[in-house]
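Asker: Contents are mmCIF, C-alpha atoms and all ligand atoms; file name input_21.cif:
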data_entry
loop_
_atom_site.label_atom_id
_atom_site.label_comp_id
_atom_site.auth_asym_id
_atom_site.auth_seq_id
_atom_site.Cartn_x
_atom_site.Cartn_y
_atom_site.Cartn_z
CA MET A 718 -35.71 -5.51 27.25
CA SER A 719 -35.34 -2.12 25.71
CA GLU A 720 -38.42 -0.54 24.25
CA PHE A 721 -39.10 -0.41 20.54
CA VAL A 722 -39.42 2.96 18.89
CA SER A 723 -40.34 4.06 15.41
CA PHE A 724 -38.35 6.56 13.43
CA LYS A 725 -37.80 7.58 9.84
CA ILE A 726 -34.77 7.57 7.56
CA ASP A 727 -35.25 9.61 4.39
CA GLY A 728 -38.99 9.26 4.89
CA LYS A 729 -38.91 5.49 5.23
CA GLN A 730 -40.67 4.18 8.33
CA CYS A 731 -38.23 2.15 10.47
CA MET A 732 -38.26 0.32 13.81
CA GLY A 733 -35.44 0.14 16.33
CA ARG A 734 -34.57 -0.11 20.00
CA ALA A 735 -34.49 3.07 22.05
CA GLY A 736 -30.94 4.00 22.95
CA GLU A 737 -29.10 1.99 20.31
CA TYR A 738 -26.93 4.03 17.99
CA ILE A 739 -28.50 5.28 14.78
CA THR A 740 -25.90 3.40 12.68
CA GLU A 741 -26.95 0.08 14.29
CA ALA A 742 -30.65 0.80 13.93
CA ALA A 743 -30.20 1.77 10.27
CA GLU A 744 -28.32 -1.43 9.57
CA ARG A 745 -31.10 -3.60 10.91
CA ASN A 746 -33.54 -1.70 8.72
CA ASN A 747 -31.33 -2.53 5.71
CA ILE A 748 -30.12 1.02 5.32
CA TYR A 749 -26.44 1.79 5.04
CA ILE A 750 -24.97 4.82 6.74
CA PRO A 751 -21.29 5.06 5.80
CA THR A 752 -18.85 4.77 8.72
CA LEU A 753 -15.08 4.74 8.93
CA CYS A 754 -13.76 5.16 12.47
CA ASP A 755 -16.59 3.10 13.93
CA TYR A 756 -15.86 -0.54 14.74
CA LYS A 757 -18.50 -3.07 15.65
CA GLY A 758 -18.39 -4.09 19.31
CA THR A 759 -16.26 -1.16 20.41
CA ALA A 760 -17.43 2.11 21.92
CA PRO A 761 -17.70 4.75 19.19
CA LYS A 762 -15.15 7.52 18.92
CA ALA A 763 -16.68 9.84 16.30
CA SER A 764 -13.36 11.00 14.93
CA CYS A 765 -14.06 10.76 11.19
CA ARG A 766 -17.54 12.32 10.79
CA VAL A 767 -18.25 10.24 7.70
CA CYS A 768 -21.45 8.96 9.34
CA THR A 769 -22.90 12.47 9.47
CA VAL A 770 -26.69 12.62 9.20
CA LYS A 771 -29.31 15.21 10.01
CA VAL A 772 -31.54 14.35 12.94
CA ASN A 773 -34.66 16.49 13.13
CA GLY A 774 -32.80 19.06 11.05
CA ARG A 775 -29.55 19.07 13.05
CA VAL A 776 -26.23 17.70 11.86
CA MET A 777 -25.01 14.81 14.02
CA THR A 778 -22.75 11.76 13.90
CA SER A 779 -24.96 8.69 13.71
CA CYS A 780 -22.39 6.37 15.32
CA THR A 781 -22.72 8.24 18.63
CA THR A 782 -26.33 9.39 18.60
CA PRO A 783 -28.77 7.16 20.53
CA LEU A 784 -32.05 6.42 18.83
CA GLN A 785 -35.23 8.06 20.12
CA GLU A 786 -38.89 7.74 19.27
CA GLY A 787 -39.99 9.81 16.29
CA MET A 788 -36.55 10.84 14.99
CA GLU A 789 -36.58 12.08 11.41
CA ILE A 790 -33.19 11.24 9.95
CA GLU A 791 -31.79 12.52 6.67
CA ASN A 792 -29.26 10.09 5.23
CA GLU A 793 -28.95 10.18 1.47
CA THR A 794 -29.93 13.75 0.73
CA ALA A 795 -27.73 15.72 -1.67
CA GLU A 796 -26.56 17.97 1.17
CA ILE A 797 -25.51 15.12 3.47
CA GLN A 798 -23.85 13.17 0.66
CA ASP A 799 -21.85 16.24 -0.25
CA ILE A 800 -20.68 16.72 3.35
CA ARG A 801 -19.55 13.09 3.41
CA SER A 802 -17.81 13.34 0.05
CA GLY A 803 -16.00 16.42 1.32
CA ILE A 804 -14.76 14.54 4.38
CA ILE A 805 -13.55 11.60 2.30
CA GLU A 806 -11.80 13.97 -0.12
CA LEU A 807 -10.14 15.76 2.81
CA LEU A 808 -8.73 12.47 4.07
CA PHE A 809 -7.26 11.69 0.65
CA ALA A 810 -5.79 15.18 0.26
CA GLU A 811 -4.39 15.27 3.81
CA GLY A 812 -2.25 12.11 3.60
CA ASN A 813 -0.25 10.44 0.84
CA HIS A 814 -2.57 7.86 -0.66
CA LEU A 815 -0.85 6.22 -3.58
CA CYS A 816 -3.40 3.45 -4.00
CA PRO A 817 -1.57 1.74 -6.91
CA SER A 818 1.34 0.95 -4.59
CA CYS A 819 -0.65 0.17 -1.45
CA GLU A 820 -0.94 -3.38 -0.13
CA LYS A 821 -4.40 -2.63 1.26
CA SER A 822 -5.76 -1.46 -2.09
CA GLY A 823 -8.99 -3.25 -2.95
CA SER A 824 -9.72 -4.02 0.69
CA CYS A 825 -9.28 -0.52 2.13
CA GLU A 826 -12.35 1.11 3.64
CA LEU A 827 -11.24 4.65 2.86
CA GLN A 828 -10.71 3.75 -0.77
CA ALA A 829 -14.01 1.86 -0.83
CA LEU A 830 -15.78 5.01 0.35
CA GLY A 831 -14.03 6.92 -2.43
CA TYR A 832 -15.45 4.36 -4.86
CA ARG A 833 -18.89 4.42 -3.37
CA PHE A 834 -19.03 8.20 -3.54
CA ARG A 835 -17.42 8.15 -6.99
CA MET A 836 -14.68 10.53 -5.92
CA MET A 837 -12.80 11.42 -9.11
CA VAL A 838 -10.31 13.76 -7.46
CA PRO A 839 -10.43 15.64 -4.14
CA ARG A 840 -11.77 19.20 -4.34
CA PHE A 841 -8.90 20.20 -2.01
CA PRO A 842 -5.25 20.55 -3.03
CA TYR A 843 -3.02 17.64 -2.06
CA LEU A 844 -0.84 18.49 0.91
CA PHE A 845 1.91 15.91 0.23
CA PRO A 846 2.92 15.84 3.90
CA VAL A 847 6.34 14.40 4.74
CA ARG A 848 5.71 11.30 6.84
CA GLU A 849 7.67 8.22 7.82
CA ILE A 850 7.26 4.58 7.08
CA ASP A 851 8.35 2.68 10.18
CA ALA A 852 9.28 -0.93 9.48
CA SER A 853 11.40 -1.42 12.61
CA HIS A 854 8.98 -3.85 14.25
CA PRO A 855 9.67 -7.46 13.22
CA LYS A 856 6.00 -8.24 12.46
CA LEU A 857 4.38 -4.97 11.56
CA ILE A 858 4.88 -2.00 9.23
CA LYS A 859 3.44 1.38 10.16
CA ASP A 860 2.93 3.69 7.20
CA HIS A 861 2.03 7.11 8.57
CA ASN A 862 1.30 8.37 5.06
CA ARG A 863 -1.93 6.36 5.12
CA CYS A 864 -3.03 6.74 8.74
CA ILE A 865 -6.28 8.66 9.17
CA LEU A 866 -5.96 8.76 12.98
CA CYS A 867 -9.25 6.98 13.49
CA LYS A 868 -7.88 5.32 16.62
CA ARG A 869 -9.46 2.00 15.77
CA CYS A 870 -6.18 0.19 16.47
CA VAL A 871 -5.88 1.85 19.90
CA ARG A 872 -9.46 1.07 20.85
CA VAL A 873 -9.65 -2.49 19.58
CA MET A 874 -6.19 -4.05 19.83
CA LYS A 875 -5.63 -4.93 23.49
CA ASP A 876 -3.74 -7.62 25.36
CA GLU A 877 -5.31 -9.95 27.92
CA LYS A 878 -4.91 -7.31 30.63
CA GLY A 879 -6.77 -4.75 28.57
CA ARG A 880 -3.70 -2.69 27.70
CA SER A 881 -3.63 -1.16 24.22
CA PHE A 882 -0.92 -2.28 21.82
CA PHE A 883 -1.08 1.11 20.13
CA ALA A 884 -1.25 4.70 21.33
CA PHE A 885 -1.32 8.24 20.02
CA TYR A 886 2.03 9.96 20.16
CA LYS A 887 3.00 13.65 19.71
CA ARG A 888 0.45 16.46 19.25
CA GLY A 889 -1.41 18.50 16.65
CA ALA A 890 -0.37 18.05 13.03
CA LYS A 891 2.45 15.74 14.19
CA LEU A 892 0.08 13.34 15.92
CA GLU A 893 0.80 9.73 15.01
CA ILE A 894 0.24 6.14 15.99
CA THR A 895 2.93 4.39 17.98
CA ILE A 896 3.39 0.86 19.28
CA ALA A 897 3.44 0.67 23.07
CA PRO A 898 7.13 -0.21 23.73
CA GLU A 899 6.44 -2.54 26.65
CA LEU A 900 3.99 -4.57 24.53
CA ALA A 901 5.98 -4.54 21.30
CA ASP A 902 7.30 -8.08 21.62
CA LYS A 903 3.83 -9.40 22.42
CA ILE A 904 2.81 -8.58 18.84
CA THR A 905 2.81 -12.03 17.28
CA ASP A 906 1.96 -12.83 13.66
CA GLU A 907 -1.60 -13.32 14.78
CA VAL A 908 -1.83 -9.95 16.54
CA ALA A 909 -0.21 -8.28 13.54
CA GLN A 910 -2.83 -9.82 11.26
CA GLN A 911 -5.63 -8.66 13.54
CA ALA A 912 -4.19 -5.15 13.63
CA MET A 913 -4.01 -5.08 9.86
CA ASP A 914 -7.64 -6.19 9.62
CA VAL A 915 -8.82 -3.69 12.24
CA CYS A 916 -7.11 -0.77 10.52
CA PRO A 917 -9.48 0.59 7.85
CA THR A 918 -6.55 1.74 5.69
CA GLY A 919 -3.12 0.48 4.75
CA ALA A 920 -1.43 2.20 7.71
CA LEU A 921 -0.83 -1.07 9.58
CA LEU A 922 0.52 -3.95 7.54
CA LYS A 923 1.56 -7.40 8.59
CA LYS A 924 5.02 -8.07 7.23
CA ARG A 925 5.64 -10.62 4.47
CA LYS A 926 1.98 -10.75 3.59
CA GLY A 927 1.23 -8.03 1.00
CA TRP A 928 -0.51 -8.71 -2.31
CA ASP A 929 -1.69 -12.17 -1.28
CA VAL A 930 -5.23 -11.70 -2.61
CA PRO A 931 -5.55 -11.48 -6.40
CA VAL A 932 -7.15 -8.43 -7.99
CA GLY A 933 -10.84 -9.15 -8.45
CA LYS A 934 -11.09 -11.13 -5.19
CA ARG A 935 -10.33 -8.33 -2.76
CA LEU A 936 -13.04 -7.11 -0.37
CA PHE A 937 -14.39 -4.23 -2.42
CA ASP A 938 -13.37 -5.14 -5.96
CA MET A 939 -16.84 -6.09 -7.14
CA LYS A 940 -19.25 -4.82 -4.51
CA PRO A 941 -19.46 -1.38 -2.92
CA ILE A 942 -18.84 -1.03 0.79
CA GLY A 943 -22.16 -1.15 2.64
CA SER A 944 -23.98 -3.10 -0.06
CA GLU A 945 -24.24 -6.03 2.34
CA PHE A 946 -26.67 -3.99 4.47
CA GLU A 947 -28.76 -2.67 1.67
CA GLN A 948 -31.98 -4.18 0.50
CA VAL A 949 -31.98 -5.74 -2.90
CA LYS A 950 -33.58 -2.89 -4.74
CA MET B 1079 -21.12 15.06 -39.09
CA SER B 1080 -17.44 15.87 -38.78
CA LYS B 1081 -15.45 13.71 -36.42
CA ALA B 1082 -14.38 14.90 -32.99
CA VAL B 1083 -10.67 15.71 -32.91
CA VAL B 1084 -8.70 14.07 -30.08
CA ALA B 1085 -5.16 14.76 -28.88
CA THR B 1086 -3.29 12.72 -26.27
CA THR B 1087 0.03 13.01 -24.48
CA SER B 1088 2.13 11.33 -21.82
CA MET B 1089 3.93 13.69 -19.45
CA ALA B 1090 5.31 12.31 -16.18
CA GLY B 1091 3.64 8.97 -16.83
CA CYS B 1092 4.69 5.45 -17.82
CA PHE B 1093 2.53 5.09 -20.97
CA GLY B 1094 0.42 2.54 -19.11
CA CYS B 1095 -2.63 4.75 -19.52
CA HIS B 1096 -2.13 4.83 -23.29
CA MET B 1097 -1.71 1.05 -23.26
CA SER B 1098 -4.95 0.73 -21.35
CA PHE B 1099 -6.65 2.94 -23.93
CA LEU B 1100 -5.56 0.45 -26.61
CA ASP B 1101 -7.10 -2.32 -24.48
CA ILE B 1102 -10.51 -1.37 -25.90
CA ASP B 1103 -9.83 -4.21 -28.36
CA GLU B 1104 -12.15 -4.35 -31.38
CA ARG B 1105 -13.85 -1.11 -30.34
CA ILE B 1106 -10.82 0.56 -31.86
CA LEU B 1107 -12.72 0.17 -35.16
CA ASP B 1108 -15.63 2.14 -33.73
CA LEU B 1109 -13.16 4.64 -32.37
CA ILE B 1110 -11.75 5.55 -35.78
CA GLU B 1111 -15.30 6.08 -37.03
CA LEU B 1112 -15.94 8.35 -34.09
CA VAL B 1113 -12.80 10.49 -33.80
CA GLU B 1114 -9.74 11.66 -35.64
CA PHE B 1115 -6.44 12.04 -33.82
CA ASN B 1116 -4.25 15.11 -33.87
CA LYS B 1117 -1.14 15.53 -31.70
CA SER B 1118 -0.69 12.14 -30.08
CA PRO B 1119 1.82 9.28 -29.75
CA ILE B 1120 -0.89 7.12 -31.33
CA ASP B 1121 -0.39 8.70 -34.79
CA ASP B 1122 2.97 10.31 -33.97
CA ILE B 1123 1.81 13.83 -34.85
CA LYS B 1124 4.27 15.93 -32.83
CA HIS B 1125 2.65 19.37 -33.01
CA PHE B 1126 -0.91 20.57 -33.00
CA THR B 1127 -2.11 21.27 -36.55
CA LYS B 1128 -5.58 22.45 -35.54
CA GLN B 1129 -7.87 23.13 -32.62
CA CYS B 1130 -9.02 19.91 -30.94
CA ASP B 1131 -12.18 18.91 -29.12
CA ILE B 1132 -10.73 16.61 -26.49
CA GLY B 1133 -7.29 16.30 -24.93
CA LEU B 1134 -6.43 13.18 -22.92
CA LEU B 1135 -3.62 13.74 -20.44
CA GLU B 1136 -1.46 11.00 -18.97
CA GLY B 1137 1.01 11.83 -16.21
CA GLY B 1138 1.47 14.86 -14.01
CA CYS B 1139 4.02 17.65 -14.29
CA ALA B 1140 7.53 16.79 -13.08
CA ASN B 1141 9.55 19.18 -15.25
CA SER B 1142 9.34 22.41 -17.24
CA GLU B 1143 8.62 20.60 -20.50
CA ASN B 1144 5.58 18.87 -18.97
CA VAL B 1145 4.23 22.27 -17.97
CA GLU B 1146 4.74 23.63 -21.48
CA VAL B 1147 3.01 20.65 -23.09
CA LEU B 1148 0.14 20.90 -20.66
CA LYS B 1149 -0.35 24.61 -21.39
CA GLU B 1150 -0.27 23.85 -25.14
CA PHE B 1151 -3.00 21.29 -24.59
CA ARG B 1152 -5.10 23.78 -22.68
CA LYS B 1153 -4.75 26.25 -25.53
CA HIS B 1154 -5.63 23.77 -28.25
CA CYS B 1155 -8.33 21.60 -26.64
CA LYS B 1156 -11.88 22.51 -25.71
CA ILE B 1157 -12.06 19.75 -23.10
CA LEU B 1158 -9.16 18.40 -21.08
CA VAL B 1159 -9.37 15.06 -19.29
CA SER B 1160 -6.84 13.93 -16.68
CA VAL B 1161 -6.38 10.21 -17.24
CA GLY B 1162 -4.87 8.05 -14.49
CA GLU B 1163 -3.48 8.54 -11.00
CA CYS B 1164 -0.31 10.28 -12.21
CA ALA B 1165 -2.31 13.02 -13.93
CA LEU B 1166 -4.76 13.21 -11.03
CA MET B 1167 -2.40 13.30 -8.08
CA GLY B 1168 1.15 12.87 -9.34
CA GLY B 1169 1.12 9.10 -8.87
CA LEU B 1170 4.34 7.18 -8.40
CA PRO B 1171 6.59 10.08 -9.51
CA ALA B 1172 5.06 12.14 -6.68
CA MET B 1173 6.73 9.82 -4.18
CA ARG B 1174 9.64 12.22 -4.52
CA ASN B 1175 7.52 15.10 -3.23
CA GLY B 1176 8.97 15.91 0.15
CA ILE B 1177 12.49 14.77 -0.80
CA PRO B 1178 14.77 17.71 -1.67
CA ILE B 1179 15.69 17.80 -5.39
CA LYS B 1180 19.40 17.59 -4.63
CA GLU B 1181 18.91 14.34 -2.75
CA CYS B 1182 16.92 12.87 -5.68
CA ILE B 1183 19.56 13.84 -8.23
CA ASP B 1184 22.47 12.65 -6.09
CA GLU B 1185 20.70 9.35 -5.53
CA ALA B 1186 20.04 8.89 -9.26
CA TYR B 1187 23.43 9.93 -10.63
CA LEU B 1188 25.92 9.40 -7.82
CA ASN B 1189 24.74 7.03 -5.13
CA ALA B 1190 22.44 4.44 -6.68
CA PRO B 1191 23.86 0.90 -6.98
CA THR B 1192 24.05 1.28 -10.77
CA THR B 1193 25.76 4.70 -10.76
CA LYS B 1194 27.98 4.44 -7.71
CA ASN B 1195 31.64 4.33 -8.76
CA CYS B 1196 30.59 4.64 -12.43
CA ASN B 1197 30.54 8.43 -12.47
CA PRO B 1198 34.05 9.34 -11.24
CA ASP B 1199 33.75 12.97 -12.37
CA ARG B 1200 30.46 13.20 -10.51
CA ILE B 1201 28.69 14.72 -13.52
CA LEU B 1202 25.07 15.69 -13.07
CA PRO B 1203 22.90 16.27 -16.17
CA ASN B 1204 23.35 19.97 -16.98
CA ASP B 1205 22.74 20.40 -20.71
CA ASP B 1206 20.74 23.52 -21.56
CA GLU B 1207 18.46 21.41 -23.75
CA LEU B 1208 17.26 19.37 -20.80
CA PRO B 1209 14.05 20.44 -19.10
CA MET B 1210 14.36 21.64 -15.53
CA LEU B 1211 12.96 19.41 -12.81
CA LEU B 1212 10.22 21.07 -10.79
CA ASP B 1213 10.48 21.30 -7.02
CA ARG B 1214 7.85 18.57 -6.81
CA VAL B 1215 5.44 16.69 -9.07
CA TYR B 1216 2.18 18.55 -9.68
CA PRO B 1217 -1.21 17.10 -10.55
CA CYS B 1218 -2.40 18.54 -13.90
CA HIS B 1219 -5.28 20.45 -12.32
CA GLU B 1220 -2.83 22.43 -10.18
CA ILE B 1221 -1.29 23.84 -13.38
CA VAL B 1222 -4.25 24.39 -15.73
CA LYS B 1223 -8.00 23.95 -15.52
CA ILE B 1224 -9.00 20.32 -16.09
CA ASP B 1225 -12.57 19.50 -17.07
CA TYR B 1226 -12.84 15.78 -16.25
CA PHE B 1227 -10.93 13.14 -14.29
CA LEU B 1228 -10.60 9.41 -14.88
CA PRO B 1229 -9.00 7.59 -11.93
CA GLY B 1230 -7.10 4.30 -12.07
CA CYS B 1231 -3.56 3.09 -12.58
CA PRO B 1232 -4.26 2.75 -15.36
CA PRO B 1233 -7.96 3.57 -15.69
CA ARG B 1234 -9.74 0.48 -17.00
CA ALA B 1235 -10.11 0.45 -20.79
CA ASP B 1236 -13.90 0.40 -20.35
CA LEU B 1237 -13.76 3.56 -18.28
CA ILE B 1238 -11.69 5.41 -20.87
CA TRP B 1239 -13.94 4.17 -23.66
CA ASN B 1240 -17.17 5.03 -21.82
CA ALA B 1241 -15.88 8.51 -21.05
CA LEU B 1242 -14.67 9.24 -24.56
CA TYR B 1243 -17.88 7.88 -26.03
CA ALA B 1244 -20.00 9.99 -23.70
CA LEU B 1245 -17.98 13.12 -24.46
CA VAL B 1246 -18.19 12.66 -28.22
CA THR B 1247 -21.82 11.59 -28.46
CA GLY B 1248 -23.21 13.65 -25.59
CA ASP B 1249 -24.71 10.49 -24.05
CA GLU B 1250 -24.68 10.04 -20.31
CA LEU B 1251 -21.42 8.60 -18.90
CA LYS B 1252 -21.74 4.97 -17.80
CA LEU B 1253 -19.82 4.49 -14.58
CA PRO B 1254 -20.25 0.87 -13.40
CA TYR B 1255 -18.72 0.07 -10.02
CA GLU B 1256 -16.27 -2.56 -11.32
CA VAL B 1257 -14.50 -0.17 -13.70
CA PHE B 1258 -14.11 2.66 -11.21
CA LYS B 1259 -10.83 1.98 -9.37
CA TYR B 1260 -7.83 3.87 -8.04
CA ASP B 1261 -5.29 1.10 -8.69
S1 LIG A 1301 -4.72 3.26 2.57
FE1 LIG A 1301 -6.44 2.99 1.18
S2 LIG A 1301 -6.76 4.99 0.27
FE2 LIG A 1301 -4.72 5.00 1.19
S3 LIG A 1301 -3.32 4.37 -0.42
FE3 LIG A 1301 -3.91 2.49 0.64
S4 LIG A 1301 -5.69 1.76 -0.54
FE4 LIG A 1301 -5.40 3.88 -1.11
S1 LIG A 1302 -3.12 2.99 12.20
FE1 LIG A 1302 -5.03 2.47 11.13
S2 LIG A 1302 -6.46 1.99 12.80
FE2 LIG A 1302 -4.75 3.07 13.73
S3 LIG A 1302 -5.38 5.21 13.76
FE3 LIG A 1302 -4.20 4.91 11.88
S4 LIG A 1302 -5.75 4.43 10.32
FE4 LIG A 1302 -6.74 4.17 12.31
S1 LIG A 1303 -1.52 6.26 -13.85
FE1 LIG A 1303 -0.41 4.32 -13.73
S2 LIG A 1303 -0.54 3.52 -15.81
FE2 LIG A 1303 -1.04 5.71 -15.95
S3 LIG A 1303 0.92 6.72 -16.36
FE3 LIG A 1303 0.66 6.70 -14.14
S4 LIG A 1303 1.76 4.85 -13.45
FE4 LIG A 1303 1.40 4.64 -15.66
S1 LIG A 1304 -18.11 6.57 11.95
FE1 LIG A 1304 -19.15 8.07 13.06
S2 LIG A 1304 -17.69 9.63 13.22
FE2 LIG A 1304 -16.57 8.04 12.25
#
Go ahead and express the file in the form of structure tokens.
Answerer:
Amino acid sequence: MSEFVSFKIDGKQCMGRAGEYITEAAERNNIYIPTLCDYKGTAPKASCRVCTVKVNGRVMTSCTTPLQEGMEIENETAEIQDIRSGIIELLFAEGNHLCPSCEKSGSCELQALGYRFRMMVPRFPYLFPVREIDASHPKLIKDHNRCILCKRCVRVMKDEKGRSFFAFYKRGAKLEITIAPELADKITDEVAQQAMDVCPTGALLKKRKGWDVPVGKRLFDMKPIGSEFEQVK
Amino acid sequence: MSKAVVATTSMAGCFGCHMSFLDIDERILDLIELVEFNKSPIDDIKHFTKQCDIGLLEGGCANSENVEVLKEFRKHCKILVSVGECALMGGLPAMRNGIPIKECIDEAYLNAPTTKNCNPDRILPNDDELPMLLDRVYPCHEIVKIDYFLPGCPPRADLIWNALYALVTGDELKLPYEVFKYD
């Protein structure tokens, strides 16, 4: 059994297991550290940086930093919250996020972070990039306007042989998600649904499914993302 | 105490934000105690007749007239508030950003199912009186300085009310989670 260590988050004394990631340890101490690219049960990728904290005064991603005895972690300080807000705003400005016309609206993790951080409007100018919507697959729509390149779909969605259904394609600013051609016809309704659930945004959508949850009942309509981890204050 | 003077306008918007504003129900009675309206579709005053305290902006800028109206608002209002996704980021009209203007116009006047074969002379709107379309749709804050932003499509009536009330009275803005939405 791994050894227990004590550490602090924003001055609060916490207990955790040595070596587990800071995000996991925080969660079990009823403290929410926002995450976006991270997905429970899958090795972290640290592509979004939303989980940024300061550990003993140094900026780090908490989803990839193993816990050690005596760590002093800054989570909800003004400085850290501003870094996170900036990252969220960048993601909104960098893509084309027309939430009113998005099937994922209300259950989208990126949007939910915008709500949680009370983002009124990004501090950066909107780029309005020209990107495709690819609806050629019989079960699945890919909307590149909304993809934040978190790679969750690539890391999580695999067939029984461990091959990824999705992959990165092209380079640099043109980088996008593609469906592995040899696995395309193995994407059943079920797989399409899973992919849609795994994707934090509305970039992967199961066809003939949109708008099936009424406004008010969607994941983040009434409760902020992360509130399930937080102590009743 | 003299009442705060409020102006409102709809530029490249659908009037949904104004409709949401009217959704404050019986608080409209409190509203008329609190403010007087100047240029606004609510009282149909077409031109500013005095300096205003607050300007509420619906819609972004899609054409030259929108830009002119917006600049008028900046000149005549102490505080400008962008109301709704269209004002904040262009909204639905901004879906044309990235499509060349010629393609948009051809689609609307020549190739759409309702115009195809109905426009044999292939006439495109060209009257001098018509405002010019801009190359893309601009959020209001890319044209003039905007002081506050209220997201939503439309922003919930409670959000608009809370914001207006806070601005007029100087009280702190109430921002409950359930009224803060982008859709
Ligand atoms: S993916 Fe999320 S943030 Fe983007 S448009 Fe859809 S709901 Fe909005
Ligand atoms: S499609 Fe979704 S899960 Fe995949 S990289 Fe894009 S945002 Fe992430
Ligand atoms: S934000 Fe929505 S309701 Fe307001 S003008 Fe735009 S489309 Fe209409
Ligand atoms: S959640 Fe840690 S970097 Fe994305």
Asker: Taking all atoms listed in the file into account and nothing else, which residues of chain B lie no more than 9 Å away from chain A? Please answer as a JSON list (two decimals) with C-alpha atoms, keeping the file's coordinate frame.
Answerer:
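As a result, result-v3.json now contains:
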[["chain", "number", "residue", "atom", "x", "y", "z"],
["B", 1163, "GLU", "CA", -3.48, 8.54, -11.00],
["B", 1166, "LEU", "CA", -4.76, 13.21, -11.03],
["B", 1167, "MET", "CA", -2.40, 13.30, -8.08],
["B", 1169, "GLY", "CA", 1.12, 9.10, -8.87],
["B", 1170, "LEU", "CA", 4.34, 7.18, -8.40],
["B", 1172, "ALA", "CA", 5.06, 12.14, -6.68],
["B", 1173, "MET", "CA", 6.73, 9.82, -4.18],
["B", 1175, "ASN", "CA", 7.52, 15.10, -3.23],
["B", 1176, "GLY", "CA", 8.97, 15.91, 0.15],
["B", 1177, "ILE", "CA", 12.49, 14.77, -0.80],
["B", 1217, "PRO", "CA", -1.21, 17.10, -10.55],
["B", 1220, "GLU", "CA", -2.83, 22.43, -10.18],
["B", 1226, "TYR", "CA", -12.84, 15.78, -16.25],
["B", 1227, "PHE", "CA", -10.93, 13.14, -14.29],
["B", 1228, "LEU", "CA", -10.60, 9.41, -14.88],
["B", 1229, "PRO", "CA", -9.00, 7.59, -11.93],
["B", 1230, "GLY", "CA", -7.10, 4.30, -12.07],
["B", 1231, "CYS", "CA", -3.56, 3.09, -12.58],
["B", 1232, "PRO", "CA", -4.26, 2.75, -15.36],
["B", 1253, "LEU", "CA", -19.82, 4.49, -14.58],
["B", 1255, "TYR", "CA", -18.72, 0.07, -10.02],
["B", 1256, "GLU", "CA", -16.27, -2.56, -11.32],
["B", 1258, "PHE", "CA", -14.11, 2.66, -11.21],
["B", 1259, "LYS", "CA", -10.83, 1.98, -9.37],
["B", 1260, "TYR", "CA", -7.83, 3.87, -8.04],
["B", 1261, "ASP", "CA", -5.29, 1.10, -8.69]]
Asker: Nearest to B:Met1089: which of B:Asn1144, B:Asn1240, B:Asn1195, B:Ser1160 is it, counting only C-alpha atoms?
Answerer: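 Of the candidates, the smallest distance to B:Met1089 is held by B:Asn1144.
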Asker: Show which residues sit within 12 Å of A:Glu789, as an MDAnalysis selection string. Count all atoms listed in the file, and ignore same-chain residues fewer than 5 positions away.
Answerer: chainID A and resid 723:731 739 770:776 784
Asker: Considering only C-alpha atoms and all ligand atoms, can you say which of B:Ala1082, B:Ile1183, B:Ala1235, B:Val1145 comes closest to ligand LIG 1303 (chain A)?
Answerer: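 Checking each candidate against ligand LIG 1303 (chain A), we get B:Ala1235 as the closest.
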Asker: With distances taken over only C-alpha atoms and all ligand atoms, which of A:Ile850, A:Ala897, A:Met874, A:Ala920 is nearest to ligand LIG 1301 (chain A)?
Answerer: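 Closest candidate: A:Ala920.
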Asker: Could you tell me how far atom CA of A:Lys926 sits from atom CA of A:Phe882, in Å to one decimal place?
Answerer: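 Separation of atom CA of A:Phe882 and atom CA of A:Lys926: 20.3 Å.
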Asker: Can I get the residues close to ligand LIG 1302 (chain A) as a ChimeraX atom specification, where close means within 12 Å and we count all atoms listed in the file?
Answerer: /A:753-756,762,764-765,808,812,814,821,825-827,850-851,857-874,881-886,892-896,909,911-923
Asker: Please write as a PyMOL selection string the list of polymer residues whose atoms come within 7 Å of (4.4, 19.1, -11.0), counting only C-alpha atoms and keeping to the coordinates of the file.
Answerer: chain B and resi 1138-1141+1212+1214-1217
Asker: What would stretch 750-754 of chain A look like with N, CA, C and O atoms restored, written as a PDB file, in the coordinates of the input?
Answerer:
ATOM      1  N   ILE A 750     -25.534   3.495   6.455  1.00  0.00           N
ATOM      2  CA  ILE A 750     -24.970   4.820   6.740  1.00  0.00           C
ATOM      3  C   ILE A 750     -23.459   4.611   6.727  1.00  0.00           C
ATOM      4  O   ILE A 750     -22.952   3.782   7.486  1.00  0.00           O
ATOM      5  N   PRO A 751     -22.725   5.296   5.870  1.00  0.00           N
ATOM      6  CA  PRO A 751     -21.290   5.060   5.800  1.00  0.00           C
ATOM      7  C   PRO A 751     -20.601   5.376   7.134  1.00  0.00           C
ATOM      8  O   PRO A 751     -20.966   6.342   7.803  1.00  0.00           O
ATOM      9  N   THR A 752     -19.639   4.537   7.511  1.00  0.00           N
ATOM     10  CA  THR A 752     -18.850   4.770   8.720  1.00  0.00           C
ATOM     11  C   THR A 752     -17.394   4.496   8.368  1.00  0.00           C
ATOM     12  O   THR A 752     -17.107   3.831   7.383  1.00  0.00           O
ATOM     13  N   LEU A 753     -16.492   5.007   9.192  1.00  0.00           N
ATOM     14  CA  LEU A 753     -15.080   4.740   8.930  1.00  0.00           C
ATOM     15  C   LEU A 753     -14.334   4.463  10.245  1.00  0.00           C
ATOM     16  O   LEU A 753     -13.681   3.450  10.391  1.00  0.00           O
ATOM     17  N   CYS A 754     -14.473   5.370  11.213  1.00  0.00           N
ATOM     18  CA  CYS A 754     -13.760   5.160  12.470  1.00  0.00           C
ATOM     19  C   CYS A 754     -14.500   4.180  13.368  1.00  0.00           C
ATOM     20  O   CYS A 754     -13.938   3.618  14.293  1.00  0.00           O
TER      21      CYS A 754
END
